[in-house]
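J.: Quick one: the structure is below, and I'll ask about it shortly.
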Amino acid sequence: MSHDGVGPRAVRRSVAFLTAGALAVPFLAGCGSDEKVSKPLAGQDIAPVARDLVADGGTLKWAVDAVPATLNTFQADADAGTTRVAQAVLPSMFRLDAGGRPVPNPAYLESAKVIETEPRQVVLYKLNQQAVWSDGREIGAADFVAQWRALSGKNSAFWTARNAGYDRIEKIERGANDLQVRVTFSRPYADWKSLFSPLYPKQVMGSPSAFNDGARRKLQITAGPFTVENVDTAKKDVVLTRNPRWWGKRAKLAHIVLHAVPRDQRATALADGSVDIADVEPGDARRIGLAAHGAPNPVQGSGKTSVKKLRSWALAHGLGAEEAEAGRKKLRKDIARYLDEQQALHDVEVRKSLEPAYTQLALNGSQGPLADERVRRAVARALDRKQLARLVLTPLGLPAVPVGSHLALSGQPAYADNSGALGGQDTKEAQALLTDAGWVPGGPVKQPNTAQEQQKKKKGQNAAGPERDKNGGDTNEGDDKNRGRGDEGDRHLAQEGRHGGAQGAYAPQGTAAPAAVTQPLAKDGKPLLLRFVLPTGPGSETLNAVASRVSAMLERIGIRTTITKVPDASFFKDHVASGDYDLALYSWPSSAFPATDDRPVYAKPAPAADGSVNVEQNYTRVGTDQVDQLFDEAATTLDEGEEVSLIRKADSRIWAAAASIPLYQRPQLVAVRKDLVNAGAFGFQTPVYEDMGYLKKGAKKSAKATASPVG
C-alpha cells in the first residue's frame, strides 16, 4: 500500500482493547428521511465538452505508478492500474456518480432492484439486450454464476482477496428470459449494488487455474468501450484498443496506453510527450502553473555566473538537493534542460479537485501510553484539525475543511460531521485527560540503567539530531529543527510536500505560531514520549510538514514525539500493519459501501486459533463490540435511510474511541494536455472512457472547466 494513496481497501473496496461501554458517547447522529444531503467540497475538473466537439481517433498516454501485476481486480496484488483497466474494458452493473453514489450503468443494465424480501432477498437484474462479450456471446446468468462461485469463499482453490457479499448469495438463476438474472441471498445484504462490478466472463471465473493465472497478464474476452491489446512489461505499457463490438457510444480515442512513470519523473514525461495525462504531486503542479509565465535564465549569455548563484537558482526552482554539490558545468546543463522542459510545459495544465480519500492520524492503541483511552483522547483534543487542513489545501486553492467522518466524505449520503463525539481542539481538556491518566508535568524520570542507554544519552541521541532506527530510518525527537519556529519550519517542508497532499503547500499567512510548550509529562518514572513513524523518499515532504505541526501541537500539552523516518517500502508493511509505531500518517479511500468495506478497518481485533491477534485491516488495534454490531446491522438492513443512520452511529463511536483522527481530504491534481477533454480530476465519479479525447480544431472548451467549492 502506498502510505498516502489508496490503501488495502482499494483492492476491496479490496494488544489492549477498549472495553465495551467504557465510554459514554455524548451524541450519536441519526439520519431522518428529510435530512439534507451534503455536497462534495470540490467539483470535477475534467474540461467537459459535448461529444460532437471531440475529435475521432488518437492515442491517450496515461501515466500509472506501475504496470499492473494482475488484471484480475479480485486478487490480492491488484492495484489502481488494475482498476483503471477494468473500468475501460469490463462490465460494471453500477458506477459512481459525482456524489460518490452507486447508479445503474445503462450500458449493461436496463434495471436492477430488490423484488422480494421474504423469505429471502431477491435481486432481479435486467440486462441491456445489446450487451455482448468481445467474442460475440451475450452477457448473462452463466457469467454471474461463475463469478459468485469463484468469490463465495467456499472453494479455497480460488486465490481471492475478498468475498464480501458473494458469501451471502444462496443461488443465481436465469430469469424469465436470457436477459434476466435472479440473485437470491441467504441473508439480507444492504450493499448488493457493490456486486458484479466489475463482472468477468465465465472463461475467467469458471476454474481456479483460469482465475489464478489466466487473467494476470491478458484478458482475451472483454465487454467495454476498449479491449486489452497488449501488456508489455519491457516497455512498461498496457495498450487498450477501441472495441469494435462495443454497442454503446463509440469511443472517441483509438487507443489508451497506460504507461508506468515514477511520480518524480512525471513533469519530464509530460514535457517530452511520453504521457498526456498524469496524477502529479503539488510541486509539479506548481511548476506547470509557473511554466505559462516563464522563468529567468541564469545561464543565458555570460558564462561567469557564480556557482553559488547557480546552486541557489537550482534549489529555488526545485531541481533537487543534489544540485547543492554540483559543479558549474553540470549546473548549467541541468538548468538548461529544466528551462527547455518549462517551455514544453506551456501546453500542459493542471486540473484539480479532491480525491475520494482522506489522510488520518493513526494512534496505535495496542501498547504503550496510547493503550489508555484517555491519552488517545488527549492527543486528539490537542489537534487543531482546521489548521492542518489549511496547511495542505489552502495553497492549492482547494476547500480546507477537516474531514468529519471515518466512513464517508462530504457529498456521500452517509456523510455527517460526527467529530463532536470526541470534541474539538481544547488544550485544557487535553491536559485534564492526561492528568486523570496519571501523567504529571515535570515528573521525575528514571535514569537509563544499561550501559548502552547511558551511552546513547551521553551522545544526545534521545534528545535531538538523527538516529538510525533498526530499519535504517532516521529519528528526530519532536523534529527539533522546526520546533518553536512557528510557520517557517513547516512552510519550508510543505513547499516540497508530495504524498499526503501538498508539494507547494505552505502555512497560510497570518497563521499563529504555536503557543509556549508546557513541561514534559512523566508517569512511574517514564516520560510521555510517542514514536511518530513517517515514510521517506520522494513524496513524503508534506507528511513530514504535517507531522511537524502535529508534534508542536502535542508538545504544548507536554507530549513529546520521536519522529522516525523509514523507507517507503517498509513504512506500511513493517510498521503500520505490524503495529511498530505509536503515531502514523496515512490515507484511506472512501467507499460507496461503508457497511461492507469499512468493517474490517474498524472491527474489534479478535484472538486467532494460533494464539495471535487477527486485526484484519484495523491497524490502530482499537475496536468495540458496539461498532461491530452497528456495522452488522447496517449490512443487513434493506432500508437505505436506516443504513445511513447506523453508519453514522458507528462513526460516532469510532470518533469516541480516538484511535483514528481524520484530518483532510486529499487533493487530486492531474496534469493534462490542454486540448485533452472529458478527462482530468474526476473526484468521486467513475470516468467515462468513451467520451475522452482531443478537442477538434477550432472548438472551444467550456469556461467552467475548473474546480470550485460547492455548497
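Following the order of the C-alpha cells, first chain is A, next is B, and so on, with residues numbered from 1 inside each chain and ligands from 1 in the order they appear.
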According to DSSP computed on the backbone, where in range 581-620 of chain A is there strand (DSSP E or B)? Give the residues as a list in words.
T.: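 These are the residues in question: Leu583, Ala584, Leu585, Tyr586, Ser587, Trp588, Pro589, Ala606, Pro607, Val613 and Asn614 of chain A.
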J.: For range 359-375 of chain A, find every residue with an atom within 8 Å (counting only C-alpha atoms), except residues of its own chain fewer than 5 positions away, and show them as a ChimeraX atom specification.
T.: /A:4,15-18,433-434,436-437,500,528,530,579,581-588,619-622,657-666
J.: In Å, how far is it from CA of Gly404 in chain A to CA of Ala161 in chain A?
T.: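 CA of Ala161 in chain A lies at a distance of 29.7 Å from CA of Gly404 in chain A.
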J.: Fewer than 4 positions away in the same chain doesn't count, so skip those; otherwise give me all residues within 7 Å of Ser405 in chain A, counting only C-alpha atoms, as a list in words.
T.: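 The contact residues come out as Leu409, Tyr415, Ala416, Asp417, Asn418 and Asp651 of chain A.
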J.: Include N, CA, C and O atoms and write out the residues we just selected as a PDB file, in the first residue's frame.
T.:
```
ATOM      1  N   LEU A 409     -17.315  10.764   2.885  1.00  0.00           N
ATOM      2  CA  LEU A 409     -16.812  12.110   2.651  1.00  0.00           C
ATOM      3  C   LEU A 409     -17.964  13.004   2.216  1.00  0.00           C
ATOM      4  O   LEU A 409     -18.998  12.526   1.740  1.00  0.00           O
ATOM      5  N   TYR A 415     -22.438  10.798   4.860  1.00  0.00           N
ATOM      6  CA  TYR A 415     -21.555  11.778   5.496  1.00  0.00           C
ATOM      7  C   TYR A 415     -22.298  12.634   6.510  1.00  0.00           C
ATOM      8  O   TYR A 415     -23.380  13.158   6.263  1.00  0.00           O
ATOM      9  N   ALA A 416     -21.688  12.783   7.658  1.00  0.00           N
ATOM     10  CA  ALA A 416     -22.092  13.751   8.684  1.00  0.00           C
ATOM     11  C   ALA A 416     -20.865  13.999   9.537  1.00  0.00           C
ATOM     12  O   ALA A 416     -20.043  13.097   9.735  1.00  0.00           O
ATOM     13  N   ASP A 417     -20.718  15.222  10.013  1.00  0.00           N
ATOM     14  CA  ASP A 417     -19.585  15.535  10.875  1.00  0.00           C
ATOM     15  C   ASP A 417     -19.890  15.028  12.276  1.00  0.00           C
ATOM     16  O   ASP A 417     -20.638  15.653  13.031  1.00  0.00           O
ATOM     17  N   ASN A 418     -19.325  13.878  12.603  1.00  0.00           N
ATOM     18  CA  ASN A 418     -19.561  13.245  13.899  1.00  0.00           C
ATOM     19  C   ASN A 418     -18.412  13.468  14.876  1.00  0.00           C
ATOM     20  O   ASN A 418     -18.347  12.805  15.919  1.00  0.00           O
ATOM     21  N   ASP A 651     -19.843   5.607  13.152  1.00  0.00           N
ATOM     22  CA  ASP A 651     -18.781   6.602  13.028  1.00  0.00           C
ATOM     23  C   ASP A 651     -18.611   7.397  14.319  1.00  0.00           C
ATOM     24  O   ASP A 651     -17.494   7.698  14.741  1.00  0.00           O
TER      25      ASP A 651
END
```
J.: Please list as a ChimeraX atom specification every residue within 9 Å of range 248-251 of chain A, counting only C-alpha atoms and excluding residues in the same chain fewer than 5 positions away.
T.: /A:56-57,107,130-131,224-226,242-243,689-693
J.: Tell me which protein, DNA and RNA residues are within 7 Å of Ala55 in chain A, counting only C-alpha atoms, leaving out same-chain ones fewer than 2 positions away, and put them as a PyMOL selection string.
T.: chain A and resi 53+57+252+693-696
J.: Save the residues we just selected, N, CA, C and O atoms, as an mmCIF file, in the first residue's frame?
T.:
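The resulting file, result.cif, is shown below:
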```
data_model
loop_
_atom_site.group_PDB
_atom_site.id
_atom_site.type_symbol
_atom_site.label_atom_id
_atom_site.label_comp_id
_atom_site.auth_asym_id
_atom_site.auth_seq_id
_atom_site.Cartn_x
_atom_site.Cartn_y
_atom_site.Cartn_z
ATOM 1 N N LEU A 53 -17.806 17.704 -30.162
ATOM 2 C CA LEU A 53 -16.648 18.596 -30.216
ATOM 3 C C LEU A 53 -15.335 17.848 -30.018
ATOM 4 O O LEU A 53 -14.265 18.448 -30.021
ATOM 5 N N GLY A 57 -10.442 9.497 -32.978
ATOM 6 C CA GLY A 57 -9.128 8.890 -33.104
ATOM 7 C C GLY A 57 -8.113 9.482 -32.155
ATOM 8 O O GLY A 57 -8.411 10.310 -31.294
ATOM 9 N N LYS A 252 -14.167 7.725 -28.563
ATOM 10 C CA LYS A 252 -13.535 8.747 -29.392
ATOM 11 C C LYS A 252 -12.067 8.413 -29.651
ATOM 12 O O LYS A 252 -11.558 8.605 -30.740
ATOM 13 N N GLY A 693 -11.071 12.386 -25.175
ATOM 14 C CA GLY A 693 -10.412 12.584 -26.453
ATOM 15 C C GLY A 693 -9.829 13.971 -26.561
ATOM 16 O O GLY A 693 -9.747 14.719 -25.569
ATOM 17 N N TYR A 694 -9.443 14.317 -27.777
ATOM 18 C CA TYR A 694 -8.813 15.608 -28.028
ATOM 19 C C TYR A 694 -9.795 16.546 -28.720
ATOM 20 O O TYR A 694 -10.570 16.130 -29.598
ATOM 21 N N LEU A 695 -9.779 17.777 -28.315
ATOM 22 C CA LEU A 695 -10.693 18.781 -28.836
ATOM 23 C C LEU A 695 -10.469 18.982 -30.336
ATOM 24 O O LEU A 695 -9.335 19.063 -30.805
ATOM 25 N N LYS A 696 -11.567 19.068 -31.078
ATOM 26 C CA LYS A 696 -11.459 19.354 -32.506
ATOM 27 C C LYS A 696 -10.841 20.731 -32.714
ATOM 28 O O LYS A 696 -11.020 21.644 -31.909
#
```
J.: Sorted by chain and rising residue number, list the residues of range 573-675 of chain A at most 10 Å from range 262-277 of chain A (counting only C-alpha atoms), each with its closest atom pair and distance in Å to one decimal, as a Markdown table.
T.:
```
| residue | atom | partner | partner_atom | distance |
| --- | --- | --- | --- | --- |
| A:Val670 | CA | A:Ile277 | CA | 6.9 |
| A:Ala671 | CA | A:Ile277 | CA | 5.6 |
| A:Val672 | CA | A:Ile277 | CA | 4.4 |
| A:Arg673 | CA | A:Asp276 | CA | 5.6 |
| A:Lys674 | CA | A:Asp276 | CA | 9.3 |
| A:Asp675 | CA | A:Asp276 | CA | 9.9 |
```
J.: Could you write out that same residue set with N, CA and C atoms as an mmCIF file, in the first residue's frame?
T.:
```
data_model
loop_
_atom_site.group_PDB
_atom_site.id
_atom_site.type_symbol
_atom_site.label_atom_id
_atom_site.label_comp_id
_atom_site.auth_asym_id
_atom_site.auth_seq_id
_atom_site.Cartn_x
_atom_site.Cartn_y
_atom_site.Cartn_z
ATOM 1 N N VAL A 670 -4.201 16.696 -11.435
ATOM 2 C CA VAL A 670 -3.984 15.934 -12.658
ATOM 3 C C VAL A 670 -3.482 16.880 -13.744
ATOM 4 N N ALA A 671 -2.285 16.618 -14.239
ATOM 5 C CA ALA A 671 -1.719 17.408 -15.324
ATOM 6 C C ALA A 671 -2.123 16.793 -16.653
ATOM 7 N N VAL A 672 -2.613 17.621 -17.584
ATOM 8 C CA VAL A 672 -3.130 17.122 -18.865
ATOM 9 C C VAL A 672 -2.726 18.066 -19.992
ATOM 10 N N ARG A 673 -2.678 17.526 -21.207
ATOM 11 C CA ARG A 673 -2.568 18.372 -22.389
ATOM 12 C C ARG A 673 -3.793 19.286 -22.433
ATOM 13 N N LYS A 674 -3.571 20.521 -22.798
ATOM 14 C CA LYS A 674 -4.672 21.475 -22.759
ATOM 15 C C LYS A 674 -5.808 21.110 -23.703
ATOM 16 N N ASP A 675 -5.512 20.377 -24.778
ATOM 17 C CA ASP A 675 -6.573 20.023 -25.722
ATOM 18 C C ASP A 675 -7.234 18.687 -25.401
#
```
J.: Pick the closest to Ala278 in chain A from A:Leu179, A:Val257, A:Ala291, A:Ala234: which is it, counting only C-alpha atoms?
T.: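 The shortest atom-to-atom distance to Ala278 in chain A comes from A:Val257.
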J.: Measuring atom to atom with only C-alpha atoms, identify which of A:Val228, A:Val183, A:Leu407, A:Leu258 is nearest to Tyr358 in chain A.
T.: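 Nearest to Tyr358 in chain A: A:Leu407.
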J.: Do you have the CA of Pro589 in chain A-CA of Gly683 in chain A distance handy?
T.: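 CA of Gly683 in chain A lies 11.8 Å from CA of Pro589 in chain A.
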